[in-house]
Amino acid sequence: MANVDSTTFARPEPGATGADVFPHAWCGVSMDELLCEPLHFKASFLALAPACSRLVAELLETHSTAARLALAGRLMLALSLLREDLPHPLTDAEREALTADQPPAAVSEDFMPEPDILCDYCRTLTEILLSRTQTVPGEKVVAGLLFELVNYLADTLTAPRFYRSPEAYDGSVAGAENE
């Protein structure tokens, strides 16, 4: 017979065991922080792209089905907001954040889709994960491909595109690699 002051419940409440339902992230950010990180519809791609990278990294490392679905849903929101922000012209603050003191190194790649198309690819892969129609091995492959594409997109979007020429020491932007 159970004692009246027993800490054992017939139906334990979530979190009553002391174990976190959502494990901690690999980068020291808790799952709660990832899922509650503000994603505002007016957020810049410079904030949304790294958020997508953090979400997809945790999605790849998480084994809990509920946590994976929550992360995939959050990633879908972040990718949708990112996709909406891509056509807008750069603000002065964004231009400054994308400006470096040295010209960017020449990049010779065979795979260089436009950012809006790449974002659509990522959203479609996220939809596949959310639909839960893949086998476990297939889901791992889709998640791995999503991880690679999201990080490629984030790296591409946040890489310096402009540089200051040595003659322009007043802080003005002198040249552009691509815009």
# chains A, B, ... in the order shown; residues from 1 in each chain; ligands from 1

$ closest_atom_pairs --of "stretch 110-162 of chain A" --to "stretch 57-81 of chain A" --cutoff "10 Å" --atoms "only C-alpha atoms" --output "JSON lines"
{"residue": "A:Cys119", "atom": "CA", "partner": "A:Leu79", "partner_atom": "CA", "distance": 6.6}
{"residue": "A:Asp120", "atom": "CA", "partner": "A:Leu79", "partner_atom": "CA", "distance": 8.3}
{"residue": "A:Cys122", "atom": "CA", "partner": "A:Leu79", "partner_atom": "CA", "distance": 7.5}
{"residue": "A:Arg123", "atom": "CA", "partner": "A:Met76", "partner_atom": "CA", "distance": 6.1}
{"residue": "A:Thr124", "atom": "CA", "partner": "A:Met76", "partner_atom": "CA", "distance": 9.1}
{"residue": "A:Leu125", "atom": "CA", "partner": "A:Met76", "partner_atom": "CA", "distance": 9.5}
{"residue": "A:Thr126", "atom": "CA", "partner": "A:Ala72", "partner_atom": "CA", "distance": 6.2}
{"residue": "A:Glu127", "atom": "CA", "partner": "A:Met76", "partner_atom": "CA", "distance": 7.6}
{"residue": "A:Ile128", "atom": "CA", "partner": "A:Ala72", "partner_atom": "CA", "distance": 9.8}
{"residue": "A:Leu129", "atom": "CA", "partner": "A:Ala72", "partner_atom": "CA", "distance": 7.1}
{"residue": "A:Leu130", "atom": "CA", "partner": "A:Leu69", "partner_atom": "CA", "distance": 6.2}
{"residue": "A:Ser131", "atom": "CA", "partner": "A:Leu69", "partner_atom": "CA", "distance": 9.4}
{"residue": "A:Arg132", "atom": "CA", "partner": "A:Leu69", "partner_atom": "CA", "distance": 9.0}
{"residue": "A:Lys140", "atom": "CA", "partner": "A:Leu60", "partner_atom": "CA", "distance": 7.9}
{"residue": "A:Val142", "atom": "CA", "partner": "A:Leu60", "partner_atom": "CA", "distance": 9.9}
{"residue": "A:Ala143", "atom": "CA", "partner": "A:Leu60", "partner_atom": "CA", "distance": 6.2}
{"residue": "A:Gly144", "atom": "CA", "partner": "A:Leu60", "partner_atom": "CA", "distance": 7.0}
{"residue": "A:Leu146", "atom": "CA", "partner": "A:Leu60", "partner_atom": "CA", "distance": 9.1}
{"residue": "A:Phe147", "atom": "CA", "partner": "A:Ala57", "partner_atom": "CA", "distance": 6.6}
{"residue": "A:Glu148", "atom": "CA", "partner": "A:Ala57", "partner_atom": "CA", "distance": 9.6}
{"residue": "A:Val150", "atom": "CA", "partner": "A:Leu79", "partner_atom": "CA", "distance": 9.0}
{"residue": "A:Asn151", "atom": "CA", "partner": "A:Ala57", "partner_atom": "CA", "distance": 8.9}

$ write_last_selection --atoms "N, CA, C and O atoms" --output "mmCIF file, in the first residue's frame"
data_model
loop_
_atom_site.group_PDB
_atom_site.id
_atom_site.type_symbol
_atom_site.label_atom_id
_atom_site.label_comp_id
_atom_site.auth_asym_id
_atom_site.auth_seq_id
_atom_site.Cartn_x
_atom_site.Cartn_y
_atom_site.Cartn_z
ATOM 1 N N CYS A 119 15.870 27.860 -50.858
ATOM 2 C CA CYS A 119 14.966 27.925 -49.707
ATOM 3 C C CYS A 119 13.726 27.064 -49.971
ATOM 4 O O CYS A 119 13.248 26.366 -49.069
ATOM 5 N N ASP A 120 13.221 27.089 -51.201
ATOM 6 C CA ASP A 120 12.072 26.234 -51.552
ATOM 7 C C ASP A 120 12.432 24.755 -51.445
ATOM 8 O O ASP A 120 11.621 23.941 -50.993
ATOM 9 N N CYS A 122 14.577 23.472 -49.391
ATOM 10 C CA CYS A 122 14.644 23.185 -47.948
ATOM 11 C C CYS A 122 13.248 23.056 -47.351
ATOM 12 O O CYS A 122 12.995 22.171 -46.525
ATOM 13 N N ARG A 123 12.336 23.924 -47.773
ATOM 14 C CA ARG A 123 10.962 23.840 -47.259
ATOM 15 C C ARG A 123 10.293 22.543 -47.693
ATOM 16 O O ARG A 123 9.576 21.917 -46.915
ATOM 17 N N THR A 124 10.545 22.108 -48.917
ATOM 18 C CA THR A 124 9.954 20.857 -49.398
ATOM 19 C C THR A 124 10.494 19.664 -48.619
ATOM 20 O O THR A 124 9.730 18.765 -48.234
ATOM 21 N N LEU A 125 11.787 19.646 -48.344
ATOM 22 C CA LEU A 125 12.355 18.558 -47.540
ATOM 23 C C LEU A 125 11.795 18.576 -46.124
ATOM 24 O O LEU A 125 11.540 17.517 -45.540
ATOM 25 N N THR A 126 11.582 19.757 -45.576
ATOM 26 C CA THR A 126 10.993 19.869 -44.240
ATOM 27 C C THR A 126 9.563 19.343 -44.251
ATOM 28 O O THR A 126 9.140 18.652 -43.315
ATOM 29 N N GLU A 127 8.810 19.638 -45.300
ATOM 30 C CA GLU A 127 7.444 19.104 -45.427
ATOM 31 C C GLU A 127 7.460 17.581 -45.464
ATOM 32 O O GLU A 127 6.593 16.926 -44.876
ATOM 33 N N ILE A 128 8.444 17.013 -46.144
ATOM 34 C CA ILE A 128 8.558 15.554 -46.200
ATOM 35 C C ILE A 128 8.790 14.994 -44.808
ATOM 36 O O ILE A 128 8.181 13.991 -44.418
ATOM 37 N N LEU A 129 9.657 15.643 -44.034
ATOM 38 C CA LEU A 129 9.897 15.182 -42.656
ATOM 39 C C LEU A 129 8.638 15.322 -41.804
ATOM 40 O O LEU A 129 8.334 14.446 -40.993
ATOM 41 N N LEU A 130 7.932 16.415 -41.968
ATOM 42 C CA LEU A 130 6.707 16.629 -41.186
ATOM 43 C C LEU A 130 5.606 15.645 -41.558
ATOM 44 O O LEU A 130 4.780 15.297 -40.717
ATOM 45 N N SER A 131 5.596 15.179 -42.794
ATOM 46 C CA SER A 131 4.538 14.255 -43.238
ATOM 47 C C SER A 131 4.700 12.856 -42.661
ATOM 48 O O SER A 131 3.754 12.077 -42.645
ATOM 49 N N ARG A 132 5.913 12.521 -42.201
ATOM 50 C CA ARG A 132 6.205 11.217 -41.599
ATOM 51 C C ARG A 132 5.867 10.061 -42.545
ATOM 52 O O ARG A 132 5.403 9.014 -42.120
ATOM 53 N N LYS A 140 16.284 9.676 -42.161
ATOM 54 C CA LYS A 140 17.653 10.099 -41.853
ATOM 55 C C LYS A 140 18.323 10.706 -43.078
ATOM 56 O O LYS A 140 19.047 11.697 -42.979
ATOM 57 N N VAL A 142 16.782 12.169 -45.669
ATOM 58 C CA VAL A 142 16.142 13.464 -45.928
ATOM 59 C C VAL A 142 16.646 14.512 -44.934
ATOM 60 O O VAL A 142 16.953 15.637 -45.320
ATOM 61 N N ALA A 143 16.757 14.140 -43.664
ATOM 62 C CA ALA A 143 17.245 15.069 -42.651
ATOM 63 C C ALA A 143 18.697 15.464 -42.921
ATOM 64 O O ALA A 143 19.070 16.630 -42.756
ATOM 65 N N GLY A 144 19.514 14.518 -43.357
ATOM 66 C CA GLY A 144 20.904 14.822 -43.692
ATOM 67 C C GLY A 144 21.006 15.767 -44.881
ATOM 68 O O GLY A 144 21.802 16.718 -44.871
ATOM 69 N N LEU A 146 18.667 17.842 -45.859
ATOM 70 C CA LEU A 146 18.141 19.119 -45.367
ATOM 71 C C LEU A 146 19.215 19.876 -44.592
ATOM 72 O O LEU A 146 19.394 21.085 -44.775
ATOM 73 N N PHE A 147 19.949 19.188 -43.738
ATOM 74 C CA PHE A 147 21.032 19.797 -42.976
ATOM 75 C C PHE A 147 22.061 20.439 -43.913
ATOM 76 O O PHE A 147 22.463 21.591 -43.731
ATOM 77 N N GLU A 148 22.478 19.691 -44.920
ATOM 78 C CA GLU A 148 23.482 20.205 -45.862
ATOM 79 C C GLU A 148 22.960 21.415 -46.626
ATOM 80 O O GLU A 148 23.673 22.418 -46.780
ATOM 81 N N VAL A 150 20.400 23.526 -45.851
ATOM 82 C CA VAL A 150 20.141 24.683 -44.984
ATOM 83 C C VAL A 150 21.456 25.366 -44.626
ATOM 84 O O VAL A 150 21.545 26.602 -44.664
ATOM 85 N N ASN A 151 22.480 24.600 -44.301
ATOM 86 C CA ASN A 151 23.763 25.206 -43.960
ATOM 87 C C ASN A 151 24.428 25.856 -45.162
ATOM 88 O O ASN A 151 25.041 26.916 -45.035
#

$ select_by_dssp --residues "stretch 22-165 of chain A" --states "strand (DSSP E or B)" --output "ChimeraX atom specification"
/A:99-100,162-163

$ residues_around --residues "A:Met112" --least-positions-apart "5" --cutoff "12 Å" --atoms "only C-alpha atoms" --output "PyMOL selection string"
chain A and resi 107+117-118+149+152-153+156-157

$ select_by_dssp --residues "stretch 45-178 of chain A" --states "alpha helix (DSSP H)" --output "ChimeraX atom specification"
/A:45-61,65-85,92-97,115-131,136-158

$ residues_around --residues "A:Tyr163" --least-positions-apart "3" --cutoff "6 Å" --atoms "only C-alpha atoms" --output "count of residues only"
6

$ closest_residue --among "A:Phe162, A:Ala154, A:Ala106, A:Thr133" --to "A:Ala49" --atoms "only C-alpha atoms"
A:Ala154

$ atom_distance --atom1 "atom CA of A:Lys42" --atom2 "atom CA of A:Leu82"
9.6 Å
